[in-house]
>>> print(open('upload13.tsv').read())   # TSV, C-alpha atoms
chain	number	residue	atom	x	y	z
D	1	MET	CA	7.29	-6.84	-28.98
D	2	THR	CA	7.07	-10.54	-28.25
D	3	ILE	CA	8.45	-13.24	-30.46
D	4	THR	CA	6.72	-16.58	-30.81
D	5	VAL	CA	8.76	-19.46	-32.14
D	6	ALA	CA	7.27	-22.70	-33.42
D	7	ILE	CA	9.45	-25.75	-34.01
D	8	LEU	CA	8.53	-28.88	-35.95
D	9	VAL	CA	10.85	-31.86	-35.76
D	10	THR	CA	10.82	-35.36	-37.20
D	11	ASP	CA	10.26	-38.22	-34.80
D	12	ALA	CA	13.71	-39.57	-35.61
D	13	ALA	CA	15.43	-36.27	-34.82
D	14	LYS	CA	13.38	-35.26	-31.77
D	15	ASP	CA	15.61	-36.38	-28.91
D	16	ALA	CA	18.81	-35.11	-30.52
D	17	VAL	CA	17.24	-31.72	-31.27
D	18	VAL	CA	15.95	-31.33	-27.71
D	19	ALA	CA	19.39	-32.15	-26.31
D	20	ALA	CA	21.17	-29.83	-28.72
D	21	VAL	CA	18.84	-26.85	-28.27
D	22	ASN	CA	18.72	-27.16	-24.50
D	23	ALA	CA	22.51	-27.25	-24.39
D	24	LEU	CA	22.64	-24.09	-26.51
D	25	THR	CA	20.07	-22.10	-24.52
D	26	PRO	CA	19.70	-23.60	-21.05
D	27	GLU	CA	17.96	-20.39	-20.00
D	28	TYR	CA	15.09	-21.23	-22.38
D	29	THR	CA	14.50	-24.93	-22.89
D	30	ILE	CA	12.26	-26.77	-25.30
D	31	GLY	CA	10.23	-29.96	-25.17
D	32	PHE	CA	7.89	-31.76	-27.53
D	33	ALA	CA	4.55	-33.04	-26.27
D	34	ARG	CA	2.33	-32.75	-29.36
D	35	LYS	CA	2.33	-35.61	-31.82
D	36	VAL	CA	2.01	-34.74	-35.50
D	37	CYS	CA	1.07	-36.92	-38.47
D	38	PRO	CA	0.42	-36.48	-42.21
D	39	ILE	CA	-2.99	-34.94	-42.97
D	40	ASP	CA	-5.48	-37.77	-42.68
D	41	PRO	CA	-9.28	-37.59	-43.03
D	42	ALA	CA	-9.78	-40.01	-40.16
D	43	PRO	CA	-6.89	-39.88	-37.73
D	44	THR	CA	-7.14	-41.46	-34.30
D	45	TRP	CA	-5.22	-40.87	-31.11
D	46	GLU	CA	-3.28	-44.03	-31.94
D	47	THR	CA	-2.05	-42.72	-35.31
D	48	PRO	CA	1.75	-42.88	-35.11
D	49	ALA	CA	3.65	-39.60	-34.81
D	50	THR	CA	5.93	-38.84	-37.74
D	51	HIS	CA	6.75	-35.41	-36.31
D	52	TRP	CA	6.44	-33.39	-33.08
D	53	TYR	CA	5.49	-29.73	-32.61
D	54	THR	CA	6.03	-27.10	-29.93
D	55	ASN	CA	5.85	-23.36	-29.70
D	56	GLY	CA	7.13	-20.81	-27.22
D	57	GLU	CA	5.43	-17.48	-26.83
D	58	SER	CA	7.53	-14.42	-25.91
D	59	VAL	CA	10.88	-16.10	-26.48
D	60	PRO	CA	13.74	-13.72	-25.54
D	61	GLU	CA	15.43	-12.07	-28.53
D	62	SER	CA	18.86	-13.43	-27.55
D	63	VAL	CA	17.48	-16.96	-27.58
D	64	VAL	CA	15.79	-16.42	-30.93
D	65	ALA	CA	19.08	-15.18	-32.37
D	66	THR	CA	20.89	-18.30	-31.18
D	67	TRP	CA	18.19	-20.57	-32.51
D	68	GLN	CA	18.15	-18.82	-35.91
D	69	THR	CA	21.82	-19.65	-36.26
D	70	ALA	CA	21.62	-23.20	-34.97
D	71	LEU	CA	18.28	-24.63	-36.09
D	72	PRO	CA	18.92	-24.47	-39.86
D	73	GLU	CA	21.99	-26.64	-39.29
D	74	MET	CA	19.97	-29.37	-37.59
D	75	GLU	CA	18.54	-32.21	-39.62
D	76	GLY	CA	14.78	-32.79	-39.46
D	77	VAL	CA	13.83	-29.35	-38.14
D	78	VAL	CA	11.48	-26.70	-39.50
D	79	TYR	CA	10.80	-23.52	-37.52
D	80	TRP	CA	8.68	-20.38	-37.80
D	81	LEU	CA	8.77	-16.96	-36.16
D	82	ALA	CA	5.83	-14.69	-35.41
D	83	TYR	CA	5.78	-11.24	-33.87
D	84	ASN	CA	3.10	-10.25	-31.37
D	85	SER	CA	1.17	-13.43	-32.08
D	86	SER	CA	-2.20	-13.52	-30.36
D	87	ASN	CA	-3.35	-16.98	-31.38
D	88	SER	CA	-0.48	-19.40	-31.64
D	89	LEU	CA	-2.78	-22.42	-31.81
D	90	GLU	CA	-4.39	-21.24	-35.06
D	91	TRP	CA	-0.90	-20.40	-36.26
D	92	ALA	CA	0.17	-23.96	-35.42
D	93	TYR	CA	-2.59	-25.41	-37.60
D	94	THR	CA	-1.46	-23.16	-40.47
D	95	ASN	CA	2.20	-24.01	-40.00
D	96	MET	CA	1.59	-27.75	-40.00
D	97	ALA	CA	-0.82	-27.62	-42.92
D	98	SER	CA	1.90	-25.90	-44.95
D	99	GLU	CA	3.96	-29.06	-44.41
D	100	GLY	CA	1.05	-31.41	-45.13
D	101	LEU	CA	0.76	-32.28	-41.44
D	102	MET	CA	-1.75	-32.11	-38.57
D	103	PHE	CA	-1.89	-32.82	-34.84
D	104	VAL	CA	-2.56	-36.42	-33.84
D	105	PRO	CA	-5.89	-36.25	-31.92
D	106	ASP	CA	-5.83	-36.45	-28.14
D	107	PRO	CA	-6.84	-39.73	-26.46
D	108	PRO	CA	-10.59	-40.05	-25.86
D	109	LEU	CA	-11.83	-38.37	-22.71
G	1	MET	CA	-23.44	12.86	4.97
G	2	ASN	CA	-23.73	10.14	7.57
G	3	LEU	CA	-25.87	8.13	5.22
G	4	GLY	CA	-23.23	8.44	2.48
G	5	LEU	CA	-20.47	7.30	4.82
G	6	SER	CA	-22.52	4.34	5.97
G	7	LEU	CA	-23.25	3.25	2.40
G	8	SER	CA	-19.61	3.63	1.48
G	9	LEU	CA	-18.46	1.46	4.37
G	10	THR	CA	-21.12	-1.14	3.64
G	11	SER	CA	-20.10	-1.28	0.01
G	12	ALA	CA	-16.45	-1.71	0.95
G	13	ALA	CA	-17.30	-4.45	3.39
G	14	LEU	CA	-19.30	-6.27	0.75
G	15	ARG	CA	-16.44	-6.00	-1.75
G	16	GLN	CA	-14.12	-7.50	0.80
G	17	GLY	CA	-16.69	-10.13	1.76
G	18	GLY	CA	-16.89	-8.60	5.21
G	19	GLY	CA	-13.32	-9.76	5.82
G	20	VAL	CA	-14.25	-13.37	5.19
G	21	ASP	CA	-12.22	-15.36	2.68
G	22	TYR	CA	-14.91	-17.62	1.25
G	23	VAL	CA	-12.49	-20.09	-0.34
G	24	THR	CA	-10.92	-20.74	3.05
G	25	GLN	CA	-14.30	-20.73	4.77
G	26	TYR	CA	-15.84	-23.33	2.48
G	27	LEU	CA	-12.87	-25.46	1.37
G	28	SER	CA	-11.02	-25.49	4.66
G	29	PRO	CA	-13.42	-24.76	7.51
G	30	ASN	CA	-11.44	-26.99	9.88
G	31	GLY	CA	-8.01	-26.71	8.32
G	32	GLU	CA	-8.63	-29.19	5.52
G	33	ASP	CA	-6.14	-29.32	2.66
G	34	TYR	CA	-6.83	-27.14	-0.37
G	35	ALA	CA	-4.85	-25.36	-3.09
G	36	GLU	CA	-5.79	-21.90	-4.37
G	37	PHE	CA	-3.74	-20.28	-7.13
G	38	VAL	CA	-4.16	-16.60	-7.97
G	39	LEU	CA	-2.47	-16.39	-11.36
G	40	THR	CA	-2.53	-12.58	-11.37
G	41	ASP	CA	-0.61	-12.28	-8.08
G	42	LEU	CA	3.02	-11.56	-8.96
G	43	SER	CA	4.14	-12.33	-5.42
G	44	LYS	CA	3.26	-16.00	-6.04
G	45	LEU	CA	4.53	-16.40	-9.62
G	46	PHE	CA	8.00	-17.33	-10.84
G	47	GLN	CA	9.57	-17.76	-14.27
G	48	ASP	CA	11.44	-20.92	-13.28
G	49	ALA	CA	10.12	-24.14	-11.80
G	50	ALA	CA	12.40	-23.80	-8.79
G	51	GLY	CA	10.81	-20.49	-7.84
G	52	THR	CA	13.93	-18.31	-7.83
G	53	THR	CA	13.17	-15.73	-10.56
G	54	PRO	CA	9.93	-13.81	-9.97
G	55	VAL	CA	7.54	-12.95	-12.77
G	56	SER	CA	7.69	-9.16	-12.97
G	57	ALA	CA	6.16	-8.15	-16.29
G	58	THR	CA	3.49	-9.00	-18.82
G	59	GLY	CA	4.70	-11.48	-21.42
G	60	GLN	CA	7.04	-13.40	-19.13
G	61	VAL	CA	6.57	-17.13	-18.74
G	62	ILE	CA	5.13	-18.71	-15.62
G	63	GLY	CA	7.25	-21.68	-14.53
G	64	ARG	CA	5.88	-21.91	-11.03
G	65	ALA	CA	2.83	-20.73	-9.12
G	66	ASN	CA	2.65	-21.01	-5.36
G	67	VAL	CA	-0.62	-21.17	-3.48
G	68	LYS	CA	-2.23	-18.02	-2.11
G	69	ALA	CA	-2.41	-19.07	1.52
G	70	VAL	CA	0.26	-20.53	3.74
G	71	GLY	CA	1.07	-24.00	2.47
G	72	SER	CA	3.36	-25.89	0.19
G	73	HIS	CA	1.17	-26.70	-2.79
G	74	ASN	CA	2.46	-25.43	-6.09
G	75	ALA	CA	2.14	-25.83	-9.84
G	76	GLN	CA	5.28	-26.10	-11.98
G	77	GLN	CA	6.58	-26.42	-15.51
G	78	SER	CA	10.26	-26.87	-16.29
G	79	SER	CA	10.23	-26.77	-20.10
G	80	SER	CA	10.10	-23.16	-21.32
G	81	THR	CA	7.97	-23.87	-24.38
G	82	PHE	CA	5.35	-25.53	-22.14
G	83	LYS	CA	5.06	-22.56	-19.80
G	84	PRO	CA	2.01	-20.28	-19.94
G	85	GLN	CA	2.53	-16.56	-20.33
G	86	PHE	CA	1.71	-13.98	-17.68
G	87	GLN	CA	-0.90	-11.46	-18.79
G	88	ALA	CA	-3.14	-9.01	-16.96
G	89	THR	CA	-5.86	-11.63	-17.40
G	90	GLY	CA	-3.78	-14.24	-15.57
G	91	ALA	CA	-1.96	-17.18	-17.09
G	92	LYS	CA	-2.43	-17.34	-20.87
G	93	PHE	CA	-2.18	-20.93	-22.17
G	94	ASP	CA	-1.39	-21.47	-25.85
G	95	GLY	CA	-3.70	-24.45	-26.48
G	96	ALA	CA	-0.79	-26.32	-28.07
G	97	ASP	CA	1.29	-27.64	-25.17
G	98	ASP	CA	1.29	-25.19	-22.24
G	99	ASN	CA	0.42	-26.58	-18.81
G	100	LEU	CA	1.41	-26.48	-15.14
G	101	VAL	CA	1.84	-29.69	-13.15
G	102	THR	CA	0.40	-29.44	-9.65
G	103	ASP	CA	1.04	-31.55	-6.58
G	104	TRP	CA	-2.71	-31.80	-6.04
G	105	PHE	CA	-4.50	-35.17	-5.98
G	106	ALA	CA	-8.23	-35.72	-5.74
G	107	GLN	CA	-9.54	-37.89	-2.93
G	108	ALA	CA	-12.27	-40.51	-2.66
G	109	GLY	CA	-15.45	-38.67	-1.70
G	110	GLU	CA	-15.77	-34.89	-1.79
G	111	ASN	CA	-13.82	-32.79	-4.29
G	112	CYS	CA	-14.16	-29.52	-6.17
G	113	ILE	CA	-12.46	-27.35	-8.75
G	114	ILE	CA	-13.38	-23.66	-9.01
G	115	ALA	CA	-11.90	-21.47	-11.73
G	116	GLN	CA	-12.12	-17.95	-13.13
G	117	ILE	CA	-11.33	-18.21	-16.83
G	118	ASP	CA	-11.39	-16.53	-20.22
G	119	VAL	CA	-12.75	-19.07	-22.69
G	120	PRO	CA	-11.28	-19.18	-26.22
G	121	VAL	CA	-13.40	-17.80	-29.05
G	122	THR	CA	-12.84	-20.92	-31.16
G	123	ILE	CA	-12.37	-24.44	-29.82
G	124	ALA	CA	-11.53	-27.18	-32.31
G	125	SER	CA	-11.69	-30.01	-29.78
G	126	THR	CA	-12.50	-30.17	-26.08
G	127	GLN	CA	-10.07	-28.13	-24.00
G	128	LEU	CA	-9.59	-28.73	-20.28
G	129	LEU	CA	-8.67	-26.06	-17.80
G	130	ALA	CA	-7.65	-28.56	-15.14
G	131	GLY	CA	-7.74	-32.17	-14.07
G	132	ALA	CA	-6.36	-35.68	-14.40
G	133	ASN	CA	-7.31	-39.12	-15.67
G	134	ASP	CA	-5.70	-42.43	-14.83
G	135	ALA	CA	-5.46	-45.34	-17.27
G	136	THR	CA	-8.83	-46.91	-16.30
G	137	PRO	CA	-9.89	-44.05	-16.82
G	138	ASN	CA	-11.13	-42.72	-13.51
G	139	ARG	CA	-11.95	-39.18	-14.56
G	140	TYR	CA	-11.42	-35.87	-12.73
G	141	TYR	CA	-11.50	-32.84	-15.00
G	142	LEU	CA	-13.26	-29.61	-15.94
G	143	GLY	CA	-13.31	-27.98	-19.37
G	144	VAL	CA	-15.23	-26.67	-22.36
G	145	ASP	CA	-16.26	-28.56	-25.50
G	146	PRO	CA	-16.13	-27.27	-29.11
G	147	SER	CA	-19.62	-25.78	-28.74
G	148	GLY	CA	-18.50	-23.81	-25.70
G	149	ILE	CA	-20.44	-25.98	-23.27
G	150	LEU	CA	-19.01	-26.47	-19.79
G	151	GLY	CA	-18.29	-30.11	-19.06
G	152	ALA	CA	-16.54	-32.38	-16.62
G	153	GLY	CA	-15.26	-35.88	-16.20
G	154	VAL	CA	-16.00	-37.73	-12.99
G	155	GLY	CA	-15.42	-41.44	-12.52
G	156	THR	CA	-16.86	-43.43	-15.44
G	157	GLN	CA	-18.58	-40.43	-17.03
G	158	GLY	CA	-16.96	-37.90	-19.35
G	159	ASN	CA	-18.01	-34.50	-20.58
G	160	GLY	CA	-20.35	-36.07	-23.12
G	161	ILE	CA	-22.62	-36.75	-20.13
G	162	ILE	CA	-21.59	-34.26	-17.45
G	163	LYS	CA	-22.23	-30.95	-19.18
G	164	GLY	CA	-24.61	-28.02	-19.24
G	165	GLY	CA	-25.25	-24.33	-19.60
G	166	ALA	CA	-24.86	-21.81	-22.37
G	167	ASP	CA	-22.13	-21.35	-24.97
G	168	LEU	CA	-19.18	-19.88	-23.07
G	169	ARG	CA	-16.89	-19.21	-26.05
G	170	GLY	CA	-15.28	-15.80	-25.84
G	171	GLN	CA	-16.60	-15.15	-22.33
G	172	SER	CA	-15.02	-14.44	-18.96
G	173	VAL	CA	-16.69	-16.71	-16.41
G	174	VAL	CA	-16.31	-18.40	-13.05
G	175	VAL	CA	-17.11	-22.11	-13.16
G	176	CYS	CA	-17.10	-25.00	-10.73
G	177	LEU	CA	-17.15	-28.80	-10.52
G	178	SER	CA	-18.46	-30.03	-7.18
G	179	VAL	CA	-18.43	-33.74	-6.32
G	180	SER	CA	-19.95	-35.08	-3.11
G	181	GLY	CA	-19.09	-38.74	-3.57
G	182	SER	CA	-22.64	-39.47	-4.69
G	183	VAL	CA	-23.73	-36.37	-6.65
G	184	VAL	CA	-21.93	-34.34	-9.32
G	185	LYS	CA	-22.76	-30.67	-9.90
G	186	LEU	CA	-21.57	-28.03	-12.34
G	187	PHE	CA	-21.96	-24.33	-11.66
G	188	SER	CA	-21.43	-21.53	-14.17
G	189	GLY	CA	-22.02	-17.86	-13.51
G	190	GLU	CA	-24.82	-17.80	-10.95
G	191	THR	CA	-26.47	-20.99	-12.11
G	192	GLU	CA	-26.36	-24.72	-11.48
G	193	VAL	CA	-26.08	-26.15	-14.99
G	194	TYR	CA	-25.81	-29.87	-14.14
G	195	SER	CA	-26.70	-32.14	-11.25
G	196	ALA	CA	-26.91	-35.93	-11.30
G	197	ALA	CA	-25.75	-39.03	-9.51
G	198	GLN	CA	-22.03	-39.81	-9.54
G	199	SER	CA	-20.83	-42.94	-11.31
G	200	GLY	CA	-17.44	-44.34	-10.38
G	201	ALA	CA	-14.43	-42.91	-8.60
G	202	LEU	CA	-12.02	-40.07	-9.36
G	203	THR	CA	-8.37	-40.81	-9.91
G	204	THR	CA	-6.38	-40.35	-6.73
G	205	SER	CA	-3.05	-41.38	-8.24
G	206	ILE	CA	-2.47	-38.80	-11.00
G	207	ALA	CA	-1.68	-35.18	-10.09
G	208	ALA	CA	-3.98	-32.58	-11.57
G	209	ARG	CA	-2.60	-30.26	-14.21
G	210	ILE	CA	-3.65	-26.67	-14.82
G	211	GLY	CA	-4.21	-25.88	-18.49
G	212	ALA	CA	-4.42	-29.50	-19.57
G	213	LEU	CA	-5.44	-33.00	-18.53
G	214	GLY	CA	-2.83	-34.86	-16.52
G	215	GLY	CA	-2.42	-38.50	-17.46
G	216	ALA	CA	-0.12	-41.44	-16.89
G	217	GLY	CA	1.53	-40.75	-20.25
G	218	GLY	CA	1.69	-36.97	-19.93
G	219	ALA	CA	-0.65	-34.12	-20.73
G	220	SER	CA	-3.41	-33.73	-23.32
G	221	GLN	CA	-6.53	-31.64	-24.08
G	222	TYR	CA	-4.64	-28.35	-23.77
G	223	TRP	CA	-6.42	-25.15	-22.71
G	224	GLY	CA	-6.21	-22.24	-25.15
G	225	GLY	CA	-7.57	-19.46	-22.94
G	226	SER	CA	-6.59	-17.68	-19.76
G	227	ILE	CA	-6.94	-18.77	-16.16
G	228	LYS	CA	-7.01	-15.98	-13.62
G	229	HIS	CA	-7.81	-17.87	-10.45
G	230	ILE	CA	-8.23	-21.57	-9.67
G	231	ALA	CA	-8.85	-23.53	-6.49
G	232	PHE	CA	-8.82	-27.25	-5.79
G	233	GLY	CA	-10.57	-28.51	-2.69
G	234	LYS	CA	-11.64	-31.69	-0.93
G	235	LYS	CA	-15.11	-30.38	-0.25
G	236	ALA	CA	-18.36	-30.42	-2.18
G	237	ILE	CA	-19.77	-26.91	-2.28
G	238	THR	CA	-23.30	-25.65	-2.78
G	239	LEU	CA	-24.47	-23.16	-5.40
G	240	GLU	CA	-24.81	-20.47	-2.73
G	241	GLN	CA	-21.26	-21.06	-1.51
G	242	PHE	CA	-19.99	-21.00	-5.11
G	243	LYS	CA	-21.77	-17.70	-5.74
G	244	GLN	CA	-20.14	-16.12	-2.70
G	245	ILE	CA	-16.71	-17.27	-3.85
G	246	ARG	CA	-17.46	-16.10	-7.41
G	247	ASN	CA	-18.59	-12.67	-6.29
G	248	GLN	CA	-15.53	-12.26	-4.10
G	249	TRP	CA	-13.20	-13.24	-6.96
G	250	LEU	CA	-14.97	-10.90	-9.39
G	251	ALA	CA	-14.83	-8.03	-6.89
G	252	ALA	CA	-11.09	-8.55	-6.47
G	253	ALA	CA	-10.45	-8.60	-10.21
>>> encode(input="upload13.tsv", output="C-alpha cells")
Amino acid sequence: MTITVAILVTDAAKDAVVAAVNALTPEYTIGFARKVCPIDPAPTWETPATHWYTNGESVPESVVATWQTALPEMEGVVYWLAYNSSNSLEWAYTNMASEGLMFVPDPPL
Amino acid sequence: MNLGLSLSLTSAALRQGGGVDYVTQYLSPNGEDYAEFVLTDLSKLFQDAAGTTPVSATGQVIGRANVKAVGSHNAQQSSSTFKPQFQATGAKFDGADDNLVTDWFAQAGENCIIAQIDVPVTIASTQLLAGANDATPNRYYLGVDPSGILGAGVGTQGNGIIKGGADLRGQSVVVCLSVSGSVVKLFSGETEVYSAAQSGALTTSIAARIGALGGAGGASQYWGGSIKHIAFGKKAITLEQFKQIRNQWLAAA
C-alpha cells in the first residue's frame, strides 16, 4: 500500500508551514512549486497565487502519522490522503476544485 | 542443429547490438561529453539527493540518478514531494511538481535529447519530459502537447511550430530532438516527424530538468508520465542512428 498526501497552503502561511513540516519530518521534506488561484475562466500565468499545492506519492506511514497530528494545528493548511493513487494529478484538480481553486497556468512556452 | 545455434548466436548479438553501445558510439565517438540516465537501473538510483541511500524497491522516491557510464553527471531533487517514484517502468512523475535537476547544459551548435517514455493518457496542457528555457526565451525542450503530439522548443520557436507525428497519448515510445545548429529534427518510433531550419539559439545558461522545464524562476510544464531512459548529447544524430539507439533500448527493456 502506498499513501499519497496532498497539501494545500495559503500564500501567507507557506514559508512557515514548510519550515515547520520539514523540522518535524526531516526524513521526508516538502516544498511548494505550484501556484494556485481561485477558479477563474481566463487565468494567466501572471495571475497571483493565493495558495500553493504539492503532493507526495508513497509517503512513509510514520511520516503520514506525524503529519496527521501536526497539520490540523497549522493555520492555512488543508490536506488530503489517498491510498494506492494512480493519478495524483487528476486527484489534484479534484482536491483544488473542492476548495474553489485551480492551478495558475504555466508561463507560455 | 548447427543452423539453430548460429541463429541463436546471431539473435543474441543483435539484441546486444553486437557489443556496441550506440549511445556512446553516436553521442561520444571521440570522448565528447554526454549524459545518459537509465531510470530502471537500481545501481544508479538513490532516494536522497546526496546519493547515500539506494533505491531498492518499487514505490520509493528517486532523489538522485547518476549517469550510466563513467562520469559525474547526475540529476537530483532534494525536496521529497518533488521526487519522482521508482516503478518498473522507470521514474514515474506526478505531473504536479515532480522533477529532477540535472547538471547538463546545452551548447551552441549540435545538441540532442533522446528519451524512452510512457506518455500520459490525458494531458490538460503541454507536458515536457526534459529541457530548459532562459528568460529571453532561448528554448531547449522536448515534450507532448494536449493532443498527444510530440513537440520541441529550440531557439525562438516553441512546440507550436516544432511538432509532428501521431497522437502519442497512452503509448510507450522512444523519441528524439536532434539539433545541428542549422536544422532541427524530431524522431518518434521509426520515423522522422519534423525537419526544418533552426531559428535562434538554445539556452546554455539554464540546466536541463528531467520531468519538467527548467527556468530561471524554477520548474514548470511538469511531466505526468514515466521516463525509463533519457540521454542528453552534444551531437546531432540521424534517423538511422536514432533507430539503432531505439532498438537497443527496446531490446534491453
>>> interface_residues(input="upload13.tsv", of="chain G", to="chain D", cutoff="6 Å", atoms="all atoms listed in the file", output="ChimeraX atom specification")
/G:79-81,95-96
>>> closest_residue(input="upload13.tsv", among="G:Ser147, G:Asn99, G:Thr191, G:Gln157", to="Pro120 of chain G", atoms="only C-alpha atoms")
G:Ser147
>>> residues_around(input="upload13.tsv", residues="Lys44 of chain G", least_positions_apart="6", cutoff="7 Å", atoms="all atoms listed in the file", output="PyMOL selection string")
chain G and resi 65-67
>>> atom_distance(input="upload13.tsv", atom1="atom CA of Thr94 of chain D", atom2="atom CA of Trp52 of chain D")
14.9 Å
>>> atom_distance(input="upload13.tsv", atom1="atom CA of Pro84 of chain G", atom2="atom CA of Val63 of chain D")
17.6 Å
>>> residues_around(input="upload13.tsv", residues="Asn95 of chain D", least_positions_apart="4", cutoff="9 Å", atoms="only C-alpha atoms", output="list in words")
Ala6, Leu8, Tyr79, Trp80, Glu90, Trp91, Glu99 and Leu101 of chain D
>>> closest_residue(input="upload13.tsv", among="G:Leu177, G:Val183, G:Ala231, G:Ile210", to="Gly63 of chain G", atoms="only C-alpha atoms")
G:Ile210
>>> residues_around(input="upload13.tsv", residues="Ala216 of chain G", least_positions_apart="6", cutoff="10 Å", atoms="all atoms listed in the file", output="PyMOL selection string")
chain G and resi 132-135+205-207
>>> atom_distance(input="upload13.tsv", atom1="atom CA of Ile113 of chain G", atom2="atom CA of Leu42 of chain G")
22.1 Å
>>> build_atoms(input="upload13.tsv", residues="segment 212-228 of chain G", atoms="N, CA and C atoms", output="PDB file, in the frame of the given file")
ATOM      1  N   ALA G 212      -4.421 -28.248 -18.801  1.00  0.00           N
ATOM      2  CA  ALA G 212      -4.420 -29.500 -19.570  1.00  0.00           C
ATOM      3  C   ALA G 212      -4.941 -30.617 -18.679  1.00  0.00           C
ATOM      4  N   LEU G 213      -5.083 -31.791 -19.267  1.00  0.00           N
ATOM      5  CA  LEU G 213      -5.440 -33.000 -18.530  1.00  0.00           C
ATOM      6  C   LEU G 213      -4.167 -33.747 -18.188  1.00  0.00           C
ATOM      7  N   GLY G 214      -3.955 -34.025 -16.919  1.00  0.00           N
ATOM      8  CA  GLY G 214      -2.830 -34.860 -16.520  1.00  0.00           C
ATOM      9  C   GLY G 214      -3.173 -36.322 -16.761  1.00  0.00           C
ATOM     10  N   GLY G 215      -2.199 -37.073 -17.225  1.00  0.00           N
ATOM     11  CA  GLY G 215      -2.420 -38.500 -17.460  1.00  0.00           C
ATOM     12  C   GLY G 215      -1.161 -39.277 -17.179  1.00  0.00           C
ATOM     13  N   ALA G 216      -1.287 -40.604 -17.174  1.00  0.00           N
ATOM     14  CA  ALA G 216      -0.120 -41.440 -16.890  1.00  0.00           C
ATOM     15  C   ALA G 216       0.965 -41.225 -17.937  1.00  0.00           C
ATOM     16  N   GLY G 217       0.559 -40.933 -19.176  1.00  0.00           N
ATOM     17  CA  GLY G 217       1.530 -40.750 -20.250  1.00  0.00           C
ATOM     18  C   GLY G 217       1.882 -39.309 -20.521  1.00  0.00           C
ATOM     19  N   GLY G 218       1.407 -38.383 -19.700  1.00  0.00           N
ATOM     20  CA  GLY G 218       1.690 -36.970 -19.930  1.00  0.00           C
ATOM     21  C   GLY G 218       0.404 -36.174 -20.032  1.00  0.00           C
ATOM     22  N   ALA G 219       0.498 -35.019 -20.657  1.00  0.00           N
ATOM     23  CA  ALA G 219      -0.650 -34.120 -20.730  1.00  0.00           C
ATOM     24  C   ALA G 219      -1.374 -34.246 -22.063  1.00  0.00           C
ATOM     25  N   SER G 220      -2.620 -33.776 -22.088  1.00  0.00           N
ATOM     26  CA  SER G 220      -3.410 -33.730 -23.320  1.00  0.00           C
ATOM     27  C   SER G 220      -4.527 -32.723 -23.119  1.00  0.00           C
ATOM     28  N   GLN G 221      -5.342 -32.499 -24.149  1.00  0.00           N
ATOM     29  CA  GLN G 221      -6.530 -31.640 -24.080  1.00  0.00           C
ATOM     30  C   GLN G 221      -6.155 -30.235 -23.577  1.00  0.00           C
ATOM     31  N   TYR G 222      -5.216 -29.613 -24.246  1.00  0.00           N
ATOM     32  CA  TYR G 222      -4.640 -28.350 -23.770  1.00  0.00           C
ATOM     33  C   TYR G 222      -5.625 -27.183 -23.848  1.00  0.00           C
ATOM     34  N   TRP G 223      -5.565 -26.327 -22.829  1.00  0.00           N
ATOM     35  CA  TRP G 223      -6.420 -25.150 -22.710  1.00  0.00           C
ATOM     36  C   TRP G 223      -5.833 -24.006 -23.544  1.00  0.00           C
ATOM     37  N   GLY G 224      -6.683 -23.327 -24.305  1.00  0.00           N
ATOM     38  CA  GLY G 224      -6.210 -22.240 -25.150  1.00  0.00           C
ATOM     39  C   GLY G 224      -6.689 -20.870 -24.712  1.00  0.00           C
ATOM     40  N   GLY G 225      -7.116 -20.750 -23.462  1.00  0.00           N
ATOM     41  CA  GLY G 225      -7.570 -19.460 -22.940  1.00  0.00           C
ATOM     42  C   GLY G 225      -6.721 -19.029 -21.757  1.00  0.00           C
ATOM     43  N   SER G 226      -7.290 -18.141 -20.960  1.00  0.00           N
ATOM     44  CA  SER G 226      -6.590 -17.680 -19.760  1.00  0.00           C
ATOM     45  C   SER G 226      -7.243 -18.262 -18.508  1.00  0.00           C
ATOM     46  N   ILE G 227      -6.439 -18.390 -17.480  1.00  0.00           N
ATOM     47  CA  ILE G 227      -6.940 -18.770 -16.160  1.00  0.00           C
ATOM     48  C   ILE G 227      -6.431 -17.725 -15.178  1.00  0.00           C
ATOM     49  N   LYS G 228      -7.366 -17.062 -14.545  1.00  0.00           N
ATOM     50  CA  LYS G 228      -7.010 -15.980 -13.620  1.00  0.00           C
ATOM     51  C   LYS G 228      -6.865 -16.502 -12.200  1.00  0.00           C
TER      52      LYS G 228
END
